[in-house]
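Working notes, structure below.
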Amino acid sequence: MRASPAYPLLCVLALAGGCAPAPAPSNATDDEATASASANAAPAPAWRVADWPLPAVAAAAQPDLIATPDGGWLLSWMEPGARGGHALKFARAGHDGRWDAPRSIAAGADWFVNWADTPHIALSADGALWAHWLQKSAPATYAYDVVLTRSADGGATWSKPLKVNDDGTQTEHGFVSLWPDGADGIGVAWLDGRNTGGGEGHGGGHAGHRGAMSLRAARFDAALTRSLDNEIDAMTCDCCQTDAALTARGPLLVYRDRDPQEIRDIYATLRAASGWSAPQPVHADRWTMPACPVNGPSVAARGEDAIVAWYTAAGGESKVQVARSRDGGASFGAPLVLDRGEPVQGRIEAALGADAAWVLWLREDRQGQTLWLARLAPDLSRELQRIELARLQGRGRGTGFPQLAIGDGVVSVVWTELADGAARLRGARLQPEAAVSSKGESNIAAGEITGSSSGTRAP
């Protein structure tokens, strides 16, 4: 998510205002994969949508949501501090969706807090909790580091924060992905600005005499010992989210690439025993863009199957696309276009369950923002259901990036709304129910939830 030196203002404006608005979703497309999916469309079981009360009752934003192996949920979020600064908090819910009391992970007055570059929470195979946030390294606006912490006691206490990037440069580091790695470790990928020069402007300047934003990854074990730290791609888009999922072949990492011609397509790389594979495009959209769109991809996986969903505006038309891999992310089929047109904002989340693939995205038109959820056959051969899940309060960047996770027969969604200038979190849970109409209508009203369908984002 970064811009070239010639276009730092464009990137700042993108971060400040979000994408442009537009009309109700249309499945019509001349894309062959889309036509095939439409042709095979069939009635699907209805899903019931219910409001999901969340533990963050005060002003809150930047949520992260994951499903846990025991059928529960972990939610993290940011709150403004009573005396300034910010606090990172989390809560755990059981299978029934009922939340325990919120707990604090950390708090600070020197954090970098941003609508798009948000903290994450994760769970490693040994049951330990992990979390990260961004901490300022110098007064310059975009000079900050990624810090990581671990809890071995369910979040009662947390380790001293450790810097993930150890380059010591006062530049930008962020847009992190976390995944469980081995018996007791966590994998971390991030966008790294060590080659970009000073942190005086968003994206620092990556052409001419300055270097580019790069993609790096490392592993940390239970003792917070670093290993496998290396650069994966020397030139990436500056401020688009990265994402990772575990496949049968190893961690699959996706991100928005950038080349000297300013083509910013989605790339994927797979880590095997020999290291990370050479990054390859998920699809050659060939979107030429002189500044960062602040719109990263989302990946989900089950065994050898993986899906990647993303936003593009190649050819001047905004689209939400999803593509499938049958070989753990080594290659991908032609993308399915889920939505297109000026209202399409992107800000996408994908999930993959045993019986369905899910894609969540935002639109915005004159009536406001809407949150949409598509339920697809796991092989993307047909769309089973489409839901207008919610009509949001708030516009532009303030509503941030919605979150999607699949548990045991339950799909959960969390998003941010703006009411009277204050951010708050909203949630919905979806479960199949034969008695509910499958028209995609909600049982909750405007500025409320509206919908019916499913998804997977596992820790």
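Order determines the names: the first chain of the structure tokens is A, the second B, and so forth; residues in each chain are numbered 1 upward, and ligands are numbered 1 upward as they are shown.
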
Would you mind listing what lies within 9 Å of Trp372 of chain A as a ChimeraX atom specification, with only C-alpha atoms counted and same-chain residues fewer than 2 positions away left out?
/A:25,359-363,370,374,386-390,451

For segment 44-110 of chain A versus segment 427-431 of chain A, which residues have an atom no more than 8 Å away, and what is each residue's nearest atom pair and distance in Å rounded to one decimal, using only C-alpha atoms, chain-then-number order, as JSON lines?
```
{"residue": "A:Trp47", "atom": "CA", "partner": "A:Gln431", "partner_atom": "CA", "distance": 5.2}
{"residue": "A:Arg48", "atom": "CA", "partner": "A:Gln431", "partner_atom": "CA", "distance": 5.3}
{"residue": "A:Val49", "atom": "CA", "partner": "A:Leu430", "partner_atom": "CA", "distance": 4.6}
{"residue": "A:Ala50", "atom": "CA", "partner": "A:Arg429", "partner_atom": "CA", "distance": 5.4}
{"residue": "A:Asp51", "atom": "CA", "partner": "A:Ala428", "partner_atom": "CA", "distance": 4.6}
{"residue": "A:Trp52", "atom": "CA", "partner": "A:Ala428", "partner_atom": "CA", "distance": 4.6}
{"residue": "A:Pro53", "atom": "CA", "partner": "A:Gly427", "partner_atom": "CA", "distance": 6.4}
{"residue": "A:Leu54", "atom": "CA", "partner": "A:Gly427", "partner_atom": "CA", "distance": 6.5}
```

Write a file of the just-selected residues containing N, CA and C atoms, as a PDB file, in the first residue's frame.
```
ATOM      1  N   TRP A  47     -29.578 -18.977   4.843  1.00  0.00           N
ATOM      2  CA  TRP A  47     -28.829 -18.793   6.071  1.00  0.00           C
ATOM      3  C   TRP A  47     -29.482 -17.684   6.878  1.00  0.00           C
ATOM      4  N   ARG A  48     -29.600 -17.884   8.168  1.00  0.00           N
ATOM      5  CA  ARG A  48     -30.217 -16.894   9.039  1.00  0.00           C
ATOM      6  C   ARG A  48     -29.141 -15.952   9.565  1.00  0.00           C
ATOM      7  N   VAL A  49     -29.410 -14.662   9.497  1.00  0.00           N
ATOM      8  CA  VAL A  49     -28.475 -13.645   9.972  1.00  0.00           C
ATOM      9  C   VAL A  49     -28.992 -13.080  11.286  1.00  0.00           C
ATOM     10  N   ALA A  50     -28.134 -13.043  12.278  1.00  0.00           N
ATOM     11  CA  ALA A  50     -28.519 -12.489  13.572  1.00  0.00           C
ATOM     12  C   ALA A  50     -27.481 -11.489  14.039  1.00  0.00           C
ATOM     13  N   ASP A  51     -27.930 -10.475  14.743  1.00  0.00           N
ATOM     14  CA  ASP A  51     -27.016  -9.520  15.353  1.00  0.00           C
ATOM     15  C   ASP A  51     -26.126 -10.260  16.355  1.00  0.00           C
ATOM     16  N   TRP A  52     -24.871  -9.870  16.416  1.00  0.00           N
ATOM     17  CA  TRP A  52     -23.916 -10.505  17.325  1.00  0.00           C
ATOM     18  C   TRP A  52     -23.356  -9.435  18.254  1.00  0.00           C
ATOM     19  N   PRO A  53     -23.872  -9.331  19.471  1.00  0.00           N
ATOM     20  CA  PRO A  53     -23.336  -8.332  20.402  1.00  0.00           C
ATOM     21  C   PRO A  53     -21.858  -8.584  20.656  1.00  0.00           C
ATOM     22  N   LEU A  54     -21.071  -7.518  20.601  1.00  0.00           N
ATOM     23  CA  LEU A  54     -19.628  -7.634  20.741  1.00  0.00           C
ATOM     24  C   LEU A  54     -19.168  -7.087  22.093  1.00  0.00           C
TER      25      LEU A  54
END
```

Could you give me the residues within segment 175-369 of chain A that DSSP places in strand (DSSP E or B), as a CSV table (one decimal) with N, CA and C atoms, in the first residue's frame?
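That gives us out-v4.csv:
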```csv
chain,number,residue,atom,x,y,z
A,175,PHE,N,1.5,-3.7,7.6
A,175,PHE,CA,0.7,-4.5,6.8
A,175,PHE,C,1.1,-6.0,7.0
A,176,VAL,N,0.9,-6.4,8.2
A,176,VAL,CA,1.4,-7.7,8.7
A,176,VAL,C,0.4,-8.9,8.5
A,177,SER,N,0.9,-10.1,8.2
A,177,SER,CA,0.2,-11.3,8.3
A,177,SER,C,0.8,-12.2,9.3
A,178,LEU,N,0.0,-13.0,10.0
A,178,LEU,CA,0.4,-13.9,11.0
A,178,LEU,C,-0.2,-15.3,10.7
A,179,TRP,N,0.6,-16.4,10.9
A,179,TRP,CA,0.1,-17.7,10.8
A,179,TRP,C,0.8,-18.7,11.7
A,180,PRO,N,0.1,-19.7,12.2
A,180,PRO,CA,0.8,-20.7,13.1
A,180,PRO,C,1.9,-21.4,12.3
A,181,ASP,N,3.1,-21.6,12.9
A,181,ASP,CA,4.2,-22.1,12.2
A,181,ASP,C,4.9,-23.2,13.1
A,185,GLY,N,5.5,-22.1,17.1
A,185,GLY,CA,5.9,-20.8,16.5
A,185,GLY,C,4.8,-20.1,15.8
A,186,ILE,N,5.2,-18.9,15.3
A,186,ILE,CA,4.3,-18.0,14.5
A,186,ILE,C,5.1,-17.5,13.3
A,187,GLY,N,4.5,-17.5,12.2
A,187,GLY,CA,5.1,-16.9,11.0
A,187,GLY,C,4.6,-15.5,10.9
A,188,VAL,N,5.5,-14.6,10.4
A,188,VAL,CA,5.1,-13.2,10.3
A,188,VAL,C,5.6,-12.7,8.9
A,189,ALA,N,4.8,-12.1,8.2
A,189,ALA,CA,5.2,-11.4,6.9
A,189,ALA,C,4.8,-9.9,7.1
A,190,TRP,N,5.6,-9.1,6.5
A,190,TRP,CA,5.3,-7.6,6.6
A,190,TRP,C,5.9,-6.9,5.4
A,191,LEU,N,5.4,-5.7,5.1
A,191,LEU,CA,6.0,-4.8,4.1
A,191,LEU,C,7.0,-4.0,4.9
A,192,ASP,N,8.2,-3.9,4.3
A,192,ASP,CA,9.4,-3.4,4.9
A,192,ASP,C,10.0,-2.2,4.1
A,214,SER,N,9.6,-3.4,0.3
A,214,SER,CA,9.8,-4.8,0.0
A,214,SER,C,8.9,-5.7,0.9
A,215,LEU,N,8.8,-7.0,0.6
A,215,LEU,CA,8.1,-7.9,1.4
A,215,LEU,C,9.1,-8.9,2.1
A,216,ARG,N,8.9,-9.0,3.4
A,216,ARG,CA,9.8,-9.9,4.2
A,216,ARG,C,9.0,-10.8,5.0
A,217,ALA,N,9.6,-11.9,5.5
A,217,ALA,CA,8.9,-12.8,6.4
A,217,ALA,C,10.0,-13.4,7.3
A,218,ALA,N,9.5,-13.8,8.5
A,218,ALA,CA,10.3,-14.5,9.5
A,218,ALA,C,9.5,-15.4,10.4
A,219,ARG,N,10.2,-16.2,11.1
A,219,ARG,CA,9.5,-17.1,12.1
A,219,ARG,C,10.0,-16.8,13.5
A,220,PHE,N,9.1,-16.9,14.5
A,220,PHE,CA,9.4,-16.7,15.9
A,220,PHE,C,8.9,-17.9,16.7
A,226,ARG,N,14.2,-15.5,16.6
A,226,ARG,CA,13.9,-15.3,15.2
A,226,ARG,C,14.7,-16.3,14.3
A,227,SER,N,14.0,-16.7,13.2
A,227,SER,CA,14.7,-17.6,12.2
A,227,SER,C,14.0,-17.3,10.9
A,228,LEU,N,14.5,-17.9,9.8
A,228,LEU,CA,14.0,-17.8,8.5
A,228,LEU,C,13.6,-16.4,8.1
A,229,ASP,N,14.4,-15.4,8.5
A,229,ASP,CA,14.2,-14.0,8.2
A,229,ASP,C,14.8,-13.7,6.8
A,230,ASN,N,14.0,-13.4,5.8
A,230,ASN,CA,14.5,-13.1,4.5
A,230,ASN,C,13.5,-12.2,3.7
A,231,GLU,N,14.1,-11.6,2.7
A,231,GLU,CA,13.3,-10.8,1.7
A,231,GLU,C,12.7,-11.7,0.7
A,232,ILE,N,11.4,-11.5,0.4
A,232,ILE,CA,10.7,-12.4,-0.5
A,232,ILE,C,10.6,-11.6,-1.9
A,233,ASP,N,10.3,-10.3,-1.8
A,233,ASP,CA,10.1,-9.5,-3.0
A,233,ASP,C,10.7,-8.2,-2.8
A,236,THR,N,7.3,-4.0,-3.9
A,236,THR,CA,5.9,-4.3,-3.8
A,236,THR,C,5.1,-3.0,-3.7
A,243,ASP,N,-1.7,-11.1,3.2
A,243,ASP,CA,-2.5,-12.1,3.9
A,243,ASP,C,-1.8,-13.5,3.7
A,244,ALA,N,-2.1,-14.4,4.6
A,244,ALA,CA,-1.5,-15.7,4.6
A,244,ALA,C,-2.4,-16.8,5.0
A,245,ALA,N,-2.3,-18.0,4.5
A,245,ALA,CA,-3.1,-19.1,4.9
A,245,ALA,C,-2.2,-20.4,4.9
A,246,LEU,N,-2.5,-21.4,5.7
A,246,LEU,CA,-1.8,-22.6,5.7
A,246,LEU,C,-2.4,-23.6,4.8
A,247,THR,N,-1.6,-24.1,3.9
A,247,THR,CA,-2.0,-25.2,2.9
A,247,THR,C,-1.3,-26.5,3.3
A,250,GLY,N,2.3,-25.9,2.9
A,250,GLY,CA,3.0,-24.9,3.7
A,250,GLY,C,2.3,-23.6,3.6
A,251,PRO,N,2.9,-22.5,4.2
A,251,PRO,CA,2.2,-21.2,4.2
A,251,PRO,C,2.1,-20.6,2.8
A,252,LEU,N,1.0,-20.1,2.5
A,252,LEU,CA,0.7,-19.4,1.2
A,252,LEU,C,0.5,-17.9,1.5
A,253,LEU,N,1.4,-17.1,1.0
A,253,LEU,CA,1.4,-15.7,1.2
A,253,LEU,C,1.0,-14.9,0.0
A,254,VAL,N,0.0,-14.0,0.1
A,254,VAL,CA,-0.4,-13.2,-1.0
A,254,VAL,C,-0.3,-11.7,-0.7
A,255,TYR,N,-0.1,-10.9,-1.8
A,255,TYR,CA,0.2,-9.5,-1.6
A,255,TYR,C,0.0,-8.8,-2.9
A,256,ARG,N,0.1,-7.4,-2.9
A,256,ARG,CA,0.0,-6.7,-4.2
A,256,ARG,C,1.4,-6.3,-4.6
A,257,ASP,N,1.8,-6.8,-5.7
A,257,ASP,CA,3.2,-6.5,-6.3
A,257,ASP,C,3.2,-5.2,-6.9
A,263,ILE,N,2.7,-1.5,-12.7
A,263,ILE,CA,1.6,-2.6,-12.7
A,263,ILE,C,1.5,-3.2,-11.3
A,266,ILE,N,-1.9,-8.9,-8.1
A,266,ILE,CA,-1.8,-9.7,-6.9
A,266,ILE,C,-0.9,-10.9,-7.2
A,267,TYR,N,0.1,-11.1,-6.3
A,267,TYR,CA,1.1,-12.2,-6.4
A,267,TYR,C,1.0,-13.1,-5.2
A,268,ALA,N,1.4,-14.4,-5.4
A,268,ALA,CA,1.4,-15.4,-4.4
A,268,ALA,C,2.8,-16.1,-4.3
A,269,THR,N,3.2,-16.5,-3.1
A,269,THR,CA,4.4,-17.3,-2.9
A,269,THR,C,4.1,-18.3,-1.8
A,270,LEU,N,4.7,-19.5,-2.0
A,270,LEU,CA,4.5,-20.6,-1.1
A,270,LEU,C,5.8,-21.0,-0.4
A,271,ARG,N,5.8,-21.2,0.9
A,271,ARG,CA,7.0,-21.6,1.5
A,271,ARG,C,7.1,-23.1,1.7
A,272,ALA,N,8.1,-23.7,1.1
A,272,ALA,CA,8.4,-25.1,1.3
A,272,ALA,C,9.7,-25.3,2.1
A,275,GLY,N,12.5,-23.0,1.2
A,275,GLY,CA,12.3,-21.6,1.3
A,275,GLY,C,11.1,-21.1,0.5
A,276,TRP,N,10.9,-19.8,0.4
A,276,TRP,CA,9.8,-19.2,-0.4
A,276,TRP,C,10.0,-19.4,-1.9
A,280,GLN,N,4.6,-15.4,-8.0
A,280,GLN,CA,3.9,-15.5,-9.3
A,280,GLN,C,2.6,-14.8,-9.2
A,281,PRO,N,2.1,-14.2,-10.3
A,281,PRO,CA,0.8,-13.5,-10.3
A,281,PRO,C,-0.3,-14.5,-10.1
A,288,THR,N,-2.4,-1.0,-14.2
A,288,THR,CA,-1.4,0.1,-14.1
A,288,THR,C,-1.9,1.2,-13.2
A,298,SER,N,-7.0,-11.2,-0.1
A,298,SER,CA,-7.3,-12.1,1.0
A,298,SER,C,-7.2,-13.6,0.5
A,299,VAL,N,-6.7,-14.4,1.4
A,299,VAL,CA,-6.5,-15.8,1.0
A,299,VAL,C,-7.1,-16.7,2.1
A,300,ALA,N,-7.6,-17.9,1.6
A,300,ALA,CA,-8.1,-18.9,2.6
A,300,ALA,C,-7.7,-20.3,2.0
A,301,ALA,N,-7.5,-21.3,2.8
A,301,ALA,CA,-7.1,-22.6,2.3
A,301,ALA,C,-7.6,-23.7,3.2
A,302,ARG,N,-7.8,-24.9,2.5
A,302,ARG,CA,-8.1,-26.1,3.2
A,302,ARG,C,-7.3,-27.2,2.4
A,305,ASP,N,-6.6,-27.1,-1.5
A,305,ASP,CA,-7.4,-26.1,-2.1
A,305,ASP,C,-7.2,-24.8,-1.5
A,306,ALA,N,-7.1,-23.7,-2.3
A,306,ALA,CA,-6.9,-22.4,-1.8
A,306,ALA,C,-7.7,-21.4,-2.7
A,307,ILE,N,-8.2,-20.3,-2.1
A,307,ILE,CA,-8.8,-19.3,-2.9
A,307,ILE,C,-8.2,-18.0,-2.5
A,308,VAL,N,-8.1,-17.1,-3.5
A,308,VAL,CA,-7.6,-15.7,-3.3
A,308,VAL,C,-8.6,-14.8,-3.9
A,309,ALA,N,-9.1,-13.8,-3.1
A,309,ALA,CA,-10.0,-12.8,-3.5
A,309,ALA,C,-9.3,-11.4,-3.5
A,310,TRP,N,-9.7,-10.6,-4.5
A,310,TRP,CA,-9.0,-9.3,-4.5
A,310,TRP,C,-9.8,-8.2,-5.3
A,311,TYR,N,-9.3,-7.0,-5.1
A,311,TYR,CA,-9.9,-5.8,-5.9
A,311,TYR,C,-8.9,-5.4,-7.0
A,312,THR,N,-9.5,-5.1,-8.1
A,312,THR,CA,-8.7,-4.5,-9.2
A,312,THR,C,-9.5,-3.4,-9.9
A,319,LYS,N,-13.5,-4.0,-9.8
A,319,LYS,CA,-14.0,-5.3,-9.8
A,319,LYS,C,-13.5,-6.0,-8.5
A,320,VAL,N,-14.4,-7.0,-8.0
A,320,VAL,CA,-14.0,-7.9,-7.0
A,320,VAL,C,-13.9,-9.3,-7.7
A,321,GLN,N,-12.7,-9.9,-7.6
A,321,GLN,CA,-12.5,-11.2,-8.3
A,321,GLN,C,-12.0,-12.2,-7.2
A,322,VAL,N,-12.2,-13.5,-7.6
A,322,VAL,CA,-11.7,-14.6,-6.8
A,322,VAL,C,-11.2,-15.7,-7.7
A,323,ALA,N,-10.1,-16.3,-7.3
A,323,ALA,CA,-9.6,-17.4,-8.1
A,323,ALA,C,-9.2,-18.6,-7.2
A,324,ARG,N,-9.2,-19.8,-7.8
A,324,ARG,CA,-9.0,-21.0,-7.0
A,324,ARG,C,-7.7,-21.7,-7.4
A,325,SER,N,-7.0,-22.3,-6.4
A,325,SER,CA,-5.9,-23.1,-6.7
A,325,SER,C,-6.2,-24.5,-6.2
A,336,LEU,N,-13.0,-15.6,-11.2
A,336,LEU,CA,-14.5,-15.3,-11.3
A,336,LEU,C,-14.7,-13.9,-10.8
A,337,VAL,N,-15.4,-13.1,-11.6
A,337,VAL,CA,-15.7,-11.7,-11.3
A,337,VAL,C,-17.0,-11.7,-10.5
A,338,LEU,N,-17.0,-11.3,-9.2
A,338,LEU,CA,-18.1,-11.3,-8.4
A,338,LEU,C,-18.9,-10.0,-8.4
A,339,ASP,N,-18.2,-8.9,-8.6
A,339,ASP,CA,-18.9,-7.6,-8.6
A,339,ASP,C,-18.1,-6.6,-9.5
A,340,ARG,N,-18.7,-5.6,-10.1
A,340,ARG,CA,-18.0,-4.7,-10.9
A,340,ARG,C,-18.7,-3.4,-10.9
A,344,VAL,N,-18.0,-0.3,-6.3
A,344,VAL,CA,-17.2,-1.4,-5.7
A,344,VAL,C,-16.0,-0.8,-5.0
A,345,GLN,N,-16.0,-1.0,-3.7
A,345,GLN,CA,-14.9,-0.4,-2.9
A,345,GLN,C,-13.8,-1.5,-2.7
A,346,GLY,N,-14.1,-2.8,-2.7
A,346,GLY,CA,-13.2,-3.8,-2.4
A,346,GLY,C,-13.1,-4.0,-0.9
A,347,ARG,N,-11.9,-3.9,-0.2
A,347,ARG,CA,-11.7,-4.2,1.2
A,347,ARG,C,-12.2,-5.6,1.5
A,348,ILE,N,-11.6,-6.5,0.9
A,348,ILE,CA,-12.1,-7.9,0.7
A,348,ILE,C,-11.6,-8.8,1.8
A,349,GLU,N,-12.5,-9.8,2.2
A,349,GLU,CA,-12.1,-10.9,3.0
A,349,GLU,C,-12.7,-12.2,2.4
A,350,ALA,N,-11.8,-13.2,2.4
A,350,ALA,CA,-12.2,-14.5,1.9
A,350,ALA,C,-12.2,-15.6,2.9
A,351,ALA,N,-13.0,-16.7,2.8
A,351,ALA,CA,-13.0,-17.8,3.7
A,351,ALA,C,-13.3,-19.0,2.9
A,352,LEU,N,-12.9,-20.2,3.4
A,352,LEU,CA,-13.1,-21.4,2.7
A,352,LEU,C,-13.5,-22.5,3.7
A,357,ALA,N,-17.2,-21.6,-0.4
A,357,ALA,CA,-16.2,-20.5,-0.3
A,357,ALA,C,-17.0,-19.2,-0.1
A,358,TRP,N,-16.4,-18.3,0.6
A,358,TRP,CA,-17.1,-17.1,1.0
A,358,TRP,C,-16.2,-15.9,0.6
A,359,VAL,N,-16.8,-14.8,0.1
A,359,VAL,CA,-16.1,-13.5,-0.2
A,359,VAL,C,-17.0,-12.4,0.4
A,360,LEU,N,-16.4,-11.5,1.1
A,360,LEU,CA,-17.0,-10.4,1.8
A,360,LEU,C,-16.4,-9.1,1.2
A,361,TRP,N,-17.2,-8.1,0.8
A,361,TRP,CA,-16.6,-6.8,0.3
A,361,TRP,C,-17.6,-5.7,0.5
A,362,LEU,N,-17.0,-4.5,0.3
A,362,LEU,CA,-17.8,-3.2,0.5
A,362,LEU,C,-18.1,-2.6,-0.8
A,363,ARG,N,-19.3,-1.9,-0.8
A,363,ARG,CA,-19.7,-1.0,-1.9
A,363,ARG,C,-20.1,0.3,-1.3
A,364,GLU,N,-20.1,1.4,-2.1
A,364,GLU,CA,-20.5,2.7,-1.6
A,364,GLU,C,-21.2,3.4,-2.8
A,365,ASP,N,-22.4,3.9,-2.5
A,365,ASP,CA,-23.1,4.8,-3.5
A,365,ASP,C,-23.7,6.0,-2.8
A,368,GLY,N,-25.1,5.3,0.6
A,368,GLY,CA,-24.2,5.0,1.7
A,368,GLY,C,-23.4,3.7,1.4
A,369,GLN,N,-22.8,3.2,2.4
A,369,GLN,CA,-22.0,1.9,2.2
A,369,GLN,C,-22.8,0.7,2.5
```

Can you tell me how far atom CA of Pro279 of chain A sits from atom CA of Val146 of chain A, in Å to one decimal?
23.2 Å

Quick one: residues within 7 Å of Thr149 of chain A, only C-alpha atoms counted, chain neighbours fewer than 4 positions away excluded, as a CSV table (one decimal) with C-alpha atoms, in the first residue's frame?
```csv
chain,number,residue,atom,x,y,z
A,130,TRP,CA,0.2,-13.7,19.7
A,131,ALA,CA,-0.5,-10.1,18.8
A,132,HIS,CA,1.2,-7.3,16.9
A,158,TRP,CA,2.1,-10.9,27.7
A,159,SER,CA,5.8,-11.0,26.9
A,160,LYS,CA,7.9,-7.9,26.5
A,161,PRO,CA,7.2,-6.6,22.9
A,162,LEU,CA,9.9,-7.6,20.4
```

List the spatial neighbours of Trp73 of chain A as an NGL selection string - criterion: any atom at most 8 Å away, only C-alpha atoms, same-chain residues fewer than 6 positions off excluded.
:A and (65-67 or 92-95 or 97 or 407)

Since we have the selection now, will you write its residues out, keeping N, CA, C and O atoms, as a PDB file, in the first residue's frame?
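Saved file again_23.pdb follows:
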```
ATOM      1  N   LEU A  65     -10.537 -10.757  13.620  1.00  0.00           N
ATOM      2  CA  LEU A  65     -11.387 -11.859  14.068  1.00  0.00           C
ATOM      3  C   LEU A  65     -10.850 -13.166  13.523  1.00  0.00           C
ATOM      4  O   LEU A  65     -10.590 -13.276  12.321  1.00  0.00           O
ATOM      5  N   ILE A  66     -10.684 -14.169  14.391  1.00  0.00           N
ATOM      6  CA  ILE A  66     -10.297 -15.500  13.943  1.00  0.00           C
ATOM      7  C   ILE A  66     -11.150 -16.548  14.651  1.00  0.00           C
ATOM      8  O   ILE A  66     -11.634 -16.330  15.762  1.00  0.00           O
ATOM      9  N   ALA A  67     -11.320 -17.696  13.983  1.00  0.00           N
ATOM     10  CA  ALA A  67     -11.960 -18.851  14.596  1.00  0.00           C
ATOM     11  C   ALA A  67     -10.891 -19.679  15.285  1.00  0.00           C
ATOM     12  O   ALA A  67      -9.750 -19.750  14.837  1.00  0.00           O
ATOM     13  N   ARG A  92     -12.465 -13.428  24.083  1.00  0.00           N
ATOM     14  CA  ARG A  92     -12.683 -14.777  23.552  1.00  0.00           C
ATOM     15  C   ARG A  92     -14.154 -15.142  23.707  1.00  0.00           C
ATOM     16  O   ARG A  92     -14.767 -14.851  24.738  1.00  0.00           O
ATOM     17  N   ALA A  93     -14.716 -15.773  22.675  1.00  0.00           N
ATOM     18  CA  ALA A  93     -16.088 -16.266  22.732  1.00  0.00           C
ATOM     19  C   ALA A  93     -16.089 -17.770  22.545  1.00  0.00           C
ATOM     20  O   ALA A  93     -15.226 -18.334  21.859  1.00  0.00           O
ATOM     21  N   GLY A  94     -17.060 -18.421  23.166  1.00  0.00           N
ATOM     22  CA  GLY A  94     -17.219 -19.851  22.989  1.00  0.00           C
ATOM     23  C   GLY A  94     -17.995 -20.165  21.727  1.00  0.00           C
ATOM     24  O   GLY A  94     -18.332 -19.276  20.937  1.00  0.00           O
ATOM     25  N   HIS A  95     -18.315 -21.431  21.535  1.00  0.00           N
ATOM     26  CA  HIS A  95     -19.063 -21.859  20.351  1.00  0.00           C
ATOM     27  C   HIS A  95     -20.405 -21.153  20.247  1.00  0.00           C
ATOM     28  O   HIS A  95     -20.912 -20.903  19.154  1.00  0.00           O
ATOM     29  N   GLY A  97     -20.977 -18.140  20.915  1.00  0.00           N
ATOM     30  CA  GLY A  97     -20.805 -16.741  20.555  1.00  0.00           C
ATOM     31  C   GLY A  97     -20.819 -15.780  21.726  1.00  0.00           C
ATOM     32  O   GLY A  97     -20.712 -14.565  21.531  1.00  0.00           O
ATOM     33  N   GLY A 407     -16.433 -20.760  11.787  1.00  0.00           N
ATOM     34  CA  GLY A 407     -16.231 -21.723  12.858  1.00  0.00           C
ATOM     35  C   GLY A 407     -16.952 -23.010  12.526  1.00  0.00           C
ATOM     36  O   GLY A 407     -17.124 -23.369  11.362  1.00  0.00           O
TER      37      GLY A 407
END
```

Who sits within 6 Å of Leu376 of chain A, only C-alpha atoms, same chain under 6 positions skipped, as a list in words:
Ala356, Ala357, Arg382, Glu383 and Leu384 of chain A

Produce a file of the selected residues containing C-alpha atoms, as a PDB file, in the first residue's frame.
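Heads up, here's the output in result_20.pdb:
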```pdb
ATOM      1  CA  ALA A 356     -18.580 -23.349   0.510  1.00  0.00           C
ATOM      2  CA  ALA A 357     -16.227 -20.528  -0.322  1.00  0.00           C
ATOM      3  CA  ARG A 382     -21.332 -21.635  -9.135  1.00  0.00           C
ATOM      4  CA  GLU A 383     -22.598 -18.931  -6.833  1.00  0.00           C
ATOM      5  CA  LEU A 384     -24.962 -20.345  -4.229  1.00  0.00           C
TER       6      LEU A 384
END
```

Between atom CA of Gly296 of chain A and atom CA of Glu262 of chain A, what is the spacing in Å?
15.7 Å

Atom CA of Arg326 of chain A sits from atom CA of Ala278 of chain A at a separation of 18.2 Å
